[in-house]
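Novice: Next comes entry19.txt, compact mmCIF, C-alpha atoms and all ligand atoms:
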```txt
# COMPACT_ATOMS: atom_id res chain seq x y z
CA MET A 278 0.00 0.00 0.00
CA ILE A 279 1.24 3.47 -0.88
CA LEU A 280 0.04 6.47 1.13
CA VAL A 281 0.90 10.12 0.55
CA LEU A 282 0.40 12.67 3.33
CA LEU A 283 0.09 16.32 2.36
CA GLY A 284 -0.40 19.32 4.59
CA ALA A 285 1.01 22.53 5.97
CA PRO A 286 3.80 22.56 8.53
CA GLY A 287 2.13 21.78 11.85
CA ALA A 288 -0.74 19.80 10.30
CA GLY A 289 0.47 16.64 12.04
CA LYS A 290 1.82 14.74 9.02
CA GLY A 291 4.74 13.26 10.96
CA THR A 292 2.59 12.29 13.93
CA GLN A 293 -0.04 10.60 11.76
CA ALA A 294 2.56 8.97 9.51
CA LYS A 295 4.26 7.38 12.53
CA LYS A 296 0.93 6.02 13.80
CA LEU A 297 -0.01 4.68 10.35
CA ALA A 298 3.44 3.14 9.91
CA SER A 299 2.94 1.06 13.03
CA GLU A 300 -0.76 0.32 12.39
CA TYR A 301 -0.25 -0.84 8.79
CA ARG A 302 3.39 -2.01 9.14
CA LEU A 303 4.62 0.27 6.40
CA PRO A 304 7.95 2.10 6.20
CA HIS A 305 7.65 5.82 6.92
CA VAL A 306 9.53 8.06 4.49
CA SER A 307 9.83 11.58 5.89
CA THR A 308 11.79 13.79 3.52
CA GLY A 309 12.27 16.31 6.34
CA ASP A 310 13.87 13.61 8.55
CA LEU A 311 16.03 12.35 5.66
CA LEU A 312 17.25 15.88 4.99
CA ARG A 313 17.92 16.59 8.69
CA GLU A 314 19.98 13.37 8.88
CA ALA A 315 21.91 14.41 5.77
CA VAL A 316 22.55 17.88 7.23
CA ALA A 317 23.79 16.36 10.51
CA ALA A 318 26.08 13.95 8.62
CA GLU A 319 27.28 16.81 6.38
CA THR A 320 26.75 14.76 3.21
CA GLU A 321 26.62 16.38 -0.21
CA LEU A 322 22.80 16.36 -0.02
CA GLY A 323 22.88 17.83 3.48
CA ASN A 324 25.24 20.62 2.47
CA LYS A 325 22.96 21.51 -0.45
CA ALA A 326 19.81 21.46 1.69
CA ALA A 327 20.96 23.19 4.91
CA GLY A 328 20.60 26.82 3.81
CA TYR A 329 17.12 26.28 2.40
CA MET A 330 15.92 24.47 5.51
CA ASP A 331 17.34 27.05 7.94
CA SER A 332 15.47 29.85 6.20
CA GLY A 333 12.21 27.89 5.87
CA ARG A 334 12.42 27.58 2.08
CA LEU A 335 11.89 24.42 0.07
CA VAL A 336 14.89 22.47 -1.19
CA PRO A 337 14.99 22.58 -5.03
CA ASP A 338 12.82 20.09 -6.90
CA ASP A 339 15.66 18.40 -8.78
CA VAL A 340 17.42 17.56 -5.50
CA MET A 341 14.22 16.16 -3.98
CA LEU A 342 13.24 14.18 -7.08
CA GLY A 343 16.71 12.62 -7.22
CA LEU A 344 16.42 11.61 -3.56
CA ILE A 345 13.00 9.95 -4.01
CA ASP A 346 13.91 8.26 -7.30
CA GLU A 347 16.89 6.60 -5.64
CA LEU A 348 14.83 5.61 -2.62
CA LEU A 349 12.00 3.93 -4.53
CA ASP A 350 14.43 1.32 -5.88
CA ARG A 351 15.38 0.08 -2.42
CA PRO A 352 14.02 -3.39 -1.59
CA GLU A 353 12.56 -2.26 1.76
CA TYR A 354 9.98 -0.14 -0.09
CA GLU A 355 8.79 -2.90 -2.42
CA GLY A 356 5.76 -3.70 -0.24
CA GLY A 357 4.64 -0.07 -0.02
CA PHE A 358 5.42 3.00 2.08
CA ILE A 359 4.09 6.22 3.54
CA LEU A 360 5.38 9.44 2.00
CA ASP A 361 5.41 12.28 4.54
CA GLY A 362 6.42 15.69 3.21
CA PHE A 363 6.76 14.71 -0.43
CA PRO A 364 5.57 15.91 -2.90
CA ARG A 365 5.52 19.57 -1.91
CA THR A 366 5.32 21.24 -5.32
CA VAL A 367 3.50 20.55 -8.58
CA PRO A 368 6.77 19.58 -10.39
CA GLN A 369 7.50 17.11 -7.55
CA ALA A 370 4.00 15.62 -7.94
CA GLU A 371 4.45 15.34 -11.70
CA GLY A 372 7.84 13.70 -11.17
CA LEU A 373 6.35 11.28 -8.65
CA ASP A 374 3.56 10.33 -11.06
CA ALA A 375 6.18 9.59 -13.71
CA MET A 376 8.27 7.50 -11.28
CA PHE A 377 5.22 5.48 -10.25
CA GLU A 378 4.22 4.96 -13.87
CA ASP A 379 7.72 3.79 -14.78
CA ARG A 380 7.62 1.26 -11.94
CA GLY A 381 4.01 0.18 -12.59
CA ILE A 382 2.79 1.18 -9.11
CA THR A 383 -0.18 3.30 -8.03
CA VAL A 384 -0.87 5.37 -4.97
CA ASP A 385 -3.71 4.11 -2.77
CA SER A 386 -4.55 7.23 -0.74
CA ILE A 387 -3.48 10.86 -0.96
CA LEU A 388 -4.46 12.49 2.31
CA LEU A 389 -4.48 16.23 2.85
CA LEU A 390 -4.28 17.14 6.54
CA ASP A 391 -5.95 20.50 6.60
CA VAL A 392 -5.12 22.96 9.39
CA ASP A 393 -5.31 26.76 9.73
CA LYS A 394 -2.19 28.84 10.10
CA GLU A 395 -2.87 30.12 13.61
CA LEU A 396 -3.18 26.61 15.07
CA ALA A 397 -0.19 25.34 13.06
CA VAL A 398 2.07 28.13 14.34
CA LYS A 399 0.89 27.46 17.89
CA ARG A 400 1.66 23.73 17.54
CA LEU A 401 5.08 24.22 15.98
CA THR A 402 6.37 26.81 18.39
CA ALA A 403 5.44 24.44 21.28
CA ARG A 404 7.05 21.39 19.62
CA MET A 405 10.02 19.51 21.04
CA SER A 406 11.43 16.36 19.51
CA CYS A 407 13.94 13.67 20.30
CA PRO A 408 17.04 13.98 18.12
CA LYS A 409 17.78 10.29 18.69
CA CYS A 410 14.50 8.37 18.16
CA GLY A 411 12.34 11.07 16.52
CA ALA A 412 9.53 11.03 19.12
CA VAL A 413 7.63 14.32 19.08
CA TYR A 414 6.22 16.22 22.08
CA ASN A 415 4.31 19.44 22.56
CA SER A 416 4.51 21.60 25.66
CA ALA A 417 0.78 22.41 25.36
CA THR A 418 -0.79 19.09 24.37
CA LYS A 419 1.67 16.21 24.71
CA ARG A 420 4.31 16.74 27.40
CA SER A 421 7.02 14.21 28.14
CA LYS A 422 6.79 12.60 31.60
CA VAL A 423 10.04 14.25 32.70
CA GLU A 424 10.45 17.74 31.30
CA GLY A 425 12.98 17.86 28.45
CA VAL A 426 13.58 14.10 28.46
CA CYS A 427 12.31 11.62 25.85
CA ASP A 428 9.84 9.05 27.26
CA VAL A 429 10.91 6.48 24.68
CA CYS A 430 14.72 6.55 24.83
CA GLY A 431 15.69 8.96 27.61
CA SER A 432 17.57 11.39 25.37
CA THR A 433 17.46 15.15 25.89
CA LEU A 434 14.70 16.75 23.81
CA ALA A 435 15.46 19.57 21.40
CA THR A 436 13.55 22.26 19.55
CA ARG A 437 13.95 22.08 15.77
CA THR A 438 15.99 25.03 14.55
CA ASP A 439 13.28 25.80 11.97
CA ASP A 440 10.48 25.90 14.56
CA THR A 441 11.09 29.54 15.55
CA ARG A 442 8.15 31.86 14.87
CA GLU A 443 9.99 33.64 12.05
CA THR A 444 10.96 30.44 10.21
CA VAL A 445 7.55 28.89 10.78
CA GLU A 446 6.00 31.95 9.09
CA ALA A 447 8.37 31.52 6.13
CA ARG A 448 7.58 27.80 5.89
CA PHE A 449 3.88 28.61 5.88
CA ASP A 450 4.35 31.14 3.08
CA GLU A 451 6.21 28.49 1.06
CA TYR A 452 3.35 26.11 1.72
CA ARG A 453 0.75 28.59 0.44
CA ARG A 454 2.80 29.51 -2.62
CA LEU A 455 4.20 26.14 -3.70
CA THR A 456 2.39 23.28 -1.95
CA GLU A 457 -1.23 24.43 -1.83
CA PRO A 458 -1.54 24.20 -5.65
CA LEU A 459 -1.19 20.43 -5.18
CA VAL A 460 -4.74 20.37 -3.83
CA GLU A 461 -5.98 21.34 -7.26
CA TYR A 462 -3.51 18.95 -8.92
CA TYR A 463 -4.92 15.97 -6.97
CA ALA A 464 -8.51 17.12 -6.36
CA GLU A 465 -10.13 15.05 -9.10
CA ARG A 466 -8.50 11.77 -8.11
CA GLU A 467 -10.48 9.10 -6.35
CA ALA A 468 -7.53 8.51 -3.99
CA PHE A 469 -7.55 12.14 -2.76
CA HIS A 470 -9.16 13.06 0.58
CA SER A 471 -9.08 16.18 2.70
CA ILE A 472 -9.24 15.74 6.49
CA ASP A 473 -9.80 18.34 9.19
CA ALA A 474 -6.48 18.12 11.05
CA GLY A 475 -7.31 20.80 13.60
CA ARG A 476 -8.68 18.09 15.90
CA SER A 477 -7.05 15.66 18.32
CA ILE A 478 -4.44 13.13 17.12
CA GLU A 479 -6.89 10.28 17.85
CA ASP A 480 -9.81 11.84 15.92
CA VAL A 481 -7.64 12.51 12.86
CA ASP A 482 -6.12 9.00 13.02
CA ARG A 483 -9.59 7.43 13.19
CA ASP A 484 -10.77 9.31 10.08
CA VAL A 485 -7.59 8.56 8.20
CA ARG A 486 -7.84 4.84 8.92
CA GLU A 487 -11.49 4.80 7.88
CA ILE A 488 -10.57 6.34 4.53
CA ILE A 489 -7.69 3.94 4.01
CA ASP A 490 -9.73 0.87 4.97
CA THR A 491 -12.66 1.90 2.75
CA GLY A 492 -10.27 2.47 -0.14
CA ARG A 493 -8.71 -0.97 0.36
CA GLY A 494 -12.09 -2.68 0.24
CA ARG A 495 -13.10 -0.87 -2.92
P1 LIG B 1 9.48 18.88 7.42
O1 LIG B 1 10.23 18.09 8.44
O2 LIG B 1 8.61 18.05 6.55
O3 LIG B 1 8.74 20.04 8.05
O4 LIG B 1 10.59 19.52 6.45
C1 LIG B 1 11.60 20.39 6.94
C2 LIG B 1 12.23 21.14 5.81
O5 LIG B 1 12.85 20.22 4.90
C3 LIG B 1 11.28 21.97 4.93
O6 LIG B 1 11.00 23.23 5.49
C4 LIG B 1 12.09 22.07 3.63
O7 LIG B 1 13.13 23.01 3.74
C5 LIG B 1 12.74 20.68 3.57
N1 LIG B 1 11.88 19.71 2.81
C6 LIG B 1 11.30 18.59 3.28
N2 LIG B 1 10.61 17.97 2.32
C7 LIG B 1 10.76 18.70 1.19
C8 LIG B 1 10.28 18.59 -0.13
N3 LIG B 1 9.49 17.58 -0.54
N4 LIG B 1 10.65 19.56 -1.02
C9 LIG B 1 11.45 20.57 -0.66
N5 LIG B 1 11.91 20.76 0.57
C10 LIG B 1 11.59 19.82 1.51
```
Go ahead and express the file in the form of structure tokens.
Ligand code: AMP
Specialist:
Amino acid sequence: MILVLLGAPGAGKGTQAKKLASEYRLPHVSTGDLLREAVAAETELGNKAAGYMDSGRLVPDDVMLGLIDELLDRPEYEGGFILDGFPRTVPQAEGLDAMFEDRGITVDSILLLDVDKELAVKRLTARMSCPKCGAVYNSATKRSKVEGVCDVCGSTLATRTDDTRETVEARFDEYRRLTEPLVEYYAEREAFHSIDAGRSIEDVDRDVREIIDTGRGR
């Protein structure tokens, strides 16, 4: 099964993708996580991406398409996967369609997690995450048991460098300008669904699973 999660920064794509990955036993491909790992490891990809990410801009399409094209050929993704944070522009979506066509695979569900800017900014500026295991917390809605310490692996939590108010605003502007047109790109497809992501994690997860399960039984 192939799932694509779309949505503004702060919509909860990562949170829902992690839940779905464990519920449906699918690998979770987060382009943001892949890029952050590459930046930390100072690889060629990381060095190219760092400046864009720090200022809240999108990494160029050719870089992202190259990354995904290489990834889709790995054996661990043969049985399906969840794409979180890709595509983020119309050229990326067109490129993804072409890659799927070349490989004879089709996407099962394209899920737009819809959230308004005010709530998204509030969520992101309260977000802390674990640099080691990727668990995500929120000082308003999902605190760790011990402040600043990951419940899962005990590491010290950190704030993402692009979760400052200024960078969040820039990321949102990029979303409006470059990612929102994807809604129109996908709107006519049977696989496309928009979900109100301003609700609790559990409510969104329930709706998402209902859509996926209905689609599977089609
Ligand atoms: P995320 O973790 O999904 O919020 O992504 C963090 C940052 O990584 C974004 O603000 C972009 O700079 C970069 N990024 C992640 N995915 C993409 C993508 N599909 N296209 C371009 N840039 C991306």
Novice: Per residue of chain A within 10 Å of ligand LIG 1 (chain B), what are the shortest atom pair and its distance in Å to one decimal, counting only C-alpha atoms and all ligand atoms, with rows by chain and residue number, as CSV?
Specialist:
```
residue,atom,partner,partner_atom,distance
A:Leu283,CA,B:LIG1,O2,9.7
A:Gly284,CA,B:LIG1,O2,9.3
A:Ala285,CA,B:LIG1,O3,8.4
A:Pro286,CA,B:LIG1,O3,5.6
A:Gly287,CA,B:LIG1,O3,7.8
A:Ala288,CA,B:LIG1,O3,9.7
A:Gly289,CA,B:LIG1,O3,9.8
A:Lys290,CA,B:LIG1,O2,7.9
A:Gly291,CA,B:LIG1,O2,7.6
A:Ser307,CA,B:LIG1,O2,6.6
A:Thr308,CA,B:LIG1,N2,4.5
A:Gly309,CA,B:LIG1,O1,3.4
A:Asp310,CA,B:LIG1,O1,5.8
A:Leu311,CA,B:LIG1,C6,8.2
A:Leu312,CA,B:LIG1,O5,6.2
A:Arg313,CA,B:LIG1,O5,7.3
A:Ala326,CA,B:LIG1,O7,7.2
A:Ala327,CA,B:LIG1,O7,7.9
A:Gly328,CA,B:LIG1,O7,8.4
A:Tyr329,CA,B:LIG1,O7,5.3
A:Met330,CA,B:LIG1,O7,3.6
A:Asp331,CA,B:LIG1,O7,7.2
A:Ser332,CA,B:LIG1,O7,7.6
A:Gly333,CA,B:LIG1,O6,4.8
A:Arg334,CA,B:LIG1,O7,4.9
A:Leu335,CA,B:LIG1,N5,3.7
A:Val336,CA,B:LIG1,N5,3.9
A:Pro337,CA,B:LIG1,C9,6.0
A:Asp338,CA,B:LIG1,N4,6.3
A:Asp339,CA,B:LIG1,N4,9.3
A:Val340,CA,B:LIG1,C9,8.3
A:Met341,CA,B:LIG1,N4,5.8
A:Leu342,CA,B:LIG1,N3,8.3
A:Leu344,CA,B:LIG1,N3,9.6
A:Ile345,CA,B:LIG1,N3,9.1
A:Leu360,CA,B:LIG1,N3,9.5
A:Asp361,CA,B:LIG1,O2,6.9
A:Gly362,CA,B:LIG1,O2,4.6
A:Phe363,CA,B:LIG1,N3,4.0
A:Pro364,CA,B:LIG1,N3,4.9
A:Arg365,CA,B:LIG1,N3,4.6
A:Thr366,CA,B:LIG1,N4,7.1
A:Gln369,CA,B:LIG1,N3,7.3
A:Ala370,CA,B:LIG1,N3,9.4
A:Leu401,CA,B:LIG1,O3,9.7
A:Arg437,CA,B:LIG1,O1,9.1
A:Thr438,CA,B:LIG1,C1,9.9
A:Asp439,CA,B:LIG1,O6,7.3
A:Asp440,CA,B:LIG1,O3,8.9
A:Thr444,CA,B:LIG1,O6,8.6
A:Val445,CA,B:LIG1,O6,8.5
A:Ala447,CA,B:LIG1,O6,8.7
A:Arg448,CA,B:LIG1,O6,5.7
A:Phe449,CA,B:LIG1,O6,8.9
A:Glu451,CA,B:LIG1,O6,8.4
A:Tyr452,CA,B:LIG1,O6,9.0
A:Leu455,CA,B:LIG1,N4,9.6
A:Thr456,CA,B:LIG1,N4,9.1
```
Novice: Just the residues within 12 Å of Ala412 of chain A, please, counting all atoms listed in the file, with nothing from its chain fewer than 3 positions along; format it as a list in words.
Specialist: Gly291, Thr292, Lys295, Lys296, Asp310, Arg404, Met405, Ser406, Cys407, Pro408, Lys409, Asn415, Lys419, Arg420, Ser421, Val426, Cys427, Asp428, Val429, Cys430, Gly431, Ser432, Thr433, Leu434, Ala435 and Thr436 of chain A
Novice: To one decimal in Å, tell me the separation between atom CA of Phe377 of chain A and atom CA of Leu349 of chain A.
Specialist: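 According to the coordinates, atom CA of Phe377 of chain A and atom CA of Leu349 of chain A are separated by 9.0 Å.
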Novice: Work out how far atom CA of Leu282 of chain A is from atom CA of Ile472 of chain A, in Å to one decimal.
Specialist: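 Those two atoms sit 10.6 Å apart.
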Novice: So, with all atoms listed in the file as the atoms that count, which of A:Ala375, A:Ile382, A:Val460, A:Ala294 lies closest to Tyr354 of chain A?
Specialist: A:Ile382
Novice: Rounded to one decimal place, report the atom CA of Leu303 of chain A-atom CA of Asp473 of chain A distance in Å.
Specialist: 23.3 Å
Novice: Can you spit out segment 358-390 of chain A with N, CA, C and O atoms, as an mmCIF file, in the first residue's frame, from the structure just given?
Specialist:
```cif
data_model
loop_
_atom_site.group_PDB
_atom_site.id
_atom_site.type_symbol
_atom_site.label_atom_id
_atom_site.label_comp_id
_atom_site.auth_asym_id
_atom_site.auth_seq_id
_atom_site.Cartn_x
_atom_site.Cartn_y
_atom_site.Cartn_z
ATOM 1 N N PHE A 358 4.790 2.010 1.203
ATOM 2 C CA PHE A 358 5.425 3.001 2.082
ATOM 3 C C PHE A 358 4.474 4.172 2.302
ATOM 4 O O PHE A 358 3.469 4.308 1.609
ATOM 5 N N ILE A 359 4.843 4.995 3.281
ATOM 6 C CA ILE A 359 4.089 6.223 3.544
ATOM 7 C C ILE A 359 5.004 7.401 3.233
ATOM 8 O O ILE A 359 6.087 7.513 3.820
ATOM 9 N N LEU A 360 4.588 8.243 2.316
ATOM 10 C CA LEU A 360 5.381 9.439 2.000
ATOM 11 C C LEU A 360 4.878 10.598 2.841
ATOM 12 O O LEU A 360 3.712 10.986 2.753
ATOM 13 N N ASP A 361 5.771 11.164 3.649
ATOM 14 C CA ASP A 361 5.410 12.278 4.540
ATOM 15 C C ASP A 361 6.283 13.473 4.166
ATOM 16 O O ASP A 361 7.484 13.453 4.374
ATOM 17 N N GLY A 362 5.655 14.487 3.568
ATOM 18 C CA GLY A 362 6.424 15.690 3.207
ATOM 19 C C GLY A 362 6.894 15.705 1.769
ATOM 20 O O GLY A 362 7.650 16.588 1.379
ATOM 21 N N PHE A 363 6.467 14.748 1.000
ATOM 22 C CA PHE A 363 6.760 14.710 -0.433
ATOM 23 C C PHE A 363 5.554 14.135 -1.141
ATOM 24 O O PHE A 363 5.042 13.110 -0.684
ATOM 25 N N PRO A 364 5.069 14.719 -2.223
ATOM 26 C CA PRO A 364 5.570 15.909 -2.902
ATOM 27 C C PRO A 364 5.131 17.202 -2.201
ATOM 28 O O PRO A 364 4.160 17.204 -1.451
ATOM 29 N N ARG A 365 5.854 18.274 -2.497
ATOM 30 C CA ARG A 365 5.516 19.573 -1.908
ATOM 31 C C ARG A 365 5.375 20.652 -2.966
ATOM 32 O O ARG A 365 5.138 21.814 -2.611
ATOM 33 N N THR A 366 5.532 20.284 -4.216
ATOM 34 C CA THR A 366 5.325 21.245 -5.319
ATOM 35 C C THR A 366 4.690 20.473 -6.473
ATOM 36 O O THR A 366 4.761 19.236 -6.517
ATOM 37 N N VAL A 367 4.109 21.222 -7.427
ATOM 38 C CA VAL A 367 3.505 20.551 -8.584
ATOM 39 C C VAL A 367 4.577 19.795 -9.396
ATOM 40 O O VAL A 367 4.358 18.626 -9.748
ATOM 41 N N PRO A 368 5.759 20.380 -9.673
ATOM 42 C CA PRO A 368 6.772 19.583 -10.389
ATOM 43 C C PRO A 368 7.171 18.304 -9.638
ATOM 44 O O PRO A 368 7.416 17.265 -10.257
ATOM 45 N N GLN A 369 7.192 18.343 -8.301
ATOM 46 C CA GLN A 369 7.497 17.114 -7.555
ATOM 47 C C GLN A 369 6.387 16.073 -7.749
ATOM 48 O O GLN A 369 6.648 14.881 -7.904
ATOM 49 N N ALA A 370 5.125 16.545 -7.753
ATOM 50 C CA ALA A 370 3.996 15.619 -7.941
ATOM 51 C C ALA A 370 4.029 15.026 -9.349
ATOM 52 O O ALA A 370 3.779 13.823 -9.532
ATOM 53 N N GLU A 371 4.362 15.846 -10.326
ATOM 54 C CA GLU A 371 4.453 15.337 -11.704
ATOM 55 C C GLU A 371 5.578 14.317 -11.807
ATOM 56 O O GLU A 371 5.435 13.264 -12.435
ATOM 57 N N GLY A 372 6.697 14.625 -11.162
ATOM 58 C CA GLY A 372 7.837 13.698 -11.168
ATOM 59 C C GLY A 372 7.483 12.390 -10.489
ATOM 60 O O GLY A 372 7.834 11.315 -10.961
ATOM 61 N N LEU A 373 6.743 12.487 -9.381
ATOM 62 C CA LEU A 373 6.351 11.279 -8.647
ATOM 63 C C LEU A 373 5.413 10.424 -9.498
ATOM 64 O O LEU A 373 5.561 9.197 -9.561
ATOM 65 N N ASP A 374 4.462 11.074 -10.163
ATOM 66 C CA ASP A 374 3.562 10.329 -11.056
ATOM 67 C C ASP A 374 4.370 9.562 -12.102
ATOM 68 O O ASP A 374 4.096 8.393 -12.386
ATOM 69 N N ALA A 375 5.367 10.232 -12.665
ATOM 70 C CA ALA A 375 6.179 9.591 -13.706
ATOM 71 C C ALA A 375 6.972 8.413 -13.121
ATOM 72 O O ALA A 375 7.070 7.346 -13.747
ATOM 73 N N MET A 376 7.501 8.592 -11.918
ATOM 74 C CA MET A 376 8.272 7.496 -11.277
ATOM 75 C C MET A 376 7.375 6.293 -10.995
ATOM 76 O O MET A 376 7.769 5.154 -11.174
ATOM 77 N N PHE A 377 6.151 6.568 -10.530
ATOM 78 C CA PHE A 377 5.216 5.483 -10.250
ATOM 79 C C PHE A 377 4.844 4.774 -11.557
ATOM 80 O O PHE A 377 4.775 3.555 -11.605
ATOM 81 N N GLU A 378 4.597 5.556 -12.588
ATOM 82 C CA GLU A 378 4.215 4.960 -13.871
ATOM 83 C C GLU A 378 5.339 4.066 -14.397
ATOM 84 O O GLU A 378 5.096 2.940 -14.823
ATOM 85 N N ASP A 379 6.555 4.576 -14.337
ATOM 86 C CA ASP A 379 7.721 3.786 -14.777
ATOM 87 C C ASP A 379 7.820 2.455 -14.050
ATOM 88 O O ASP A 379 8.244 1.454 -14.607
ATOM 89 N N ARG A 380 7.461 2.472 -12.761
ATOM 90 C CA ARG A 380 7.623 1.263 -11.942
ATOM 91 C C ARG A 380 6.334 0.437 -11.895
ATOM 92 O O ARG A 380 6.270 -0.586 -11.206
ATOM 93 N N GLY A 381 5.289 0.914 -12.563
ATOM 94 C CA GLY A 381 4.011 0.185 -12.590
ATOM 95 C C GLY A 381 3.317 0.130 -11.239
ATOM 96 O O GLY A 381 2.665 -0.855 -10.912
ATOM 97 N N ILE A 382 3.467 1.181 -10.417
ATOM 98 C CA ILE A 382 2.788 1.180 -9.113
ATOM 99 C C ILE A 382 1.804 2.356 -9.031
ATOM 100 O O ILE A 382 1.970 3.350 -9.737
ATOM 101 N N THR A 383 0.800 2.207 -8.173
ATOM 102 C CA THR A 383 -0.180 3.302 -8.034
ATOM 103 C C THR A 383 -0.342 3.660 -6.554
ATOM 104 O O THR A 383 -0.184 2.810 -5.680
ATOM 105 N N VAL A 384 -0.684 4.903 -6.340
ATOM 106 C CA VAL A 384 -0.868 5.369 -4.968
ATOM 107 C C VAL A 384 -2.279 5.011 -4.513
ATOM 108 O O VAL A 384 -3.227 5.121 -5.275
ATOM 109 N N ASP A 385 -2.403 4.531 -3.262
ATOM 110 C CA ASP A 385 -3.712 4.112 -2.768
ATOM 111 C C ASP A 385 -4.495 5.279 -2.171
ATOM 112 O O ASP A 385 -5.676 5.425 -2.436
ATOM 113 N N SER A 386 -3.849 6.081 -1.334
ATOM 114 C CA SER A 386 -4.548 7.230 -0.738
ATOM 115 C C SER A 386 -3.626 8.437 -0.682
ATOM 116 O O SER A 386 -2.464 8.327 -0.283
ATOM 117 N N ILE A 387 -4.185 9.579 -1.078
ATOM 118 C CA ILE A 387 -3.482 10.860 -0.961
ATOM 119 C C ILE A 387 -4.290 11.663 0.048
ATOM 120 O O ILE A 387 -5.450 11.998 -0.197
ATOM 121 N N LEU A 388 -3.699 11.919 1.204
ATOM 122 C CA LEU A 388 -4.460 12.492 2.312
ATOM 123 C C LEU A 388 -3.958 13.885 2.635
ATOM 124 O O LEU A 388 -2.793 14.062 3.001
ATOM 125 N N LEU A 389 -4.837 14.861 2.501
ATOM 126 C CA LEU A 389 -4.475 16.235 2.853
ATOM 127 C C LEU A 389 -4.915 16.487 4.296
ATOM 128 O O LEU A 389 -6.100 16.412 4.609
ATOM 129 N N LEU A 390 -3.950 16.781 5.165
ATOM 130 C CA LEU A 390 -4.275 17.142 6.545
ATOM 131 C C LEU A 390 -4.409 18.662 6.585
ATOM 132 O O LEU A 390 -3.437 19.386 6.434
#
```
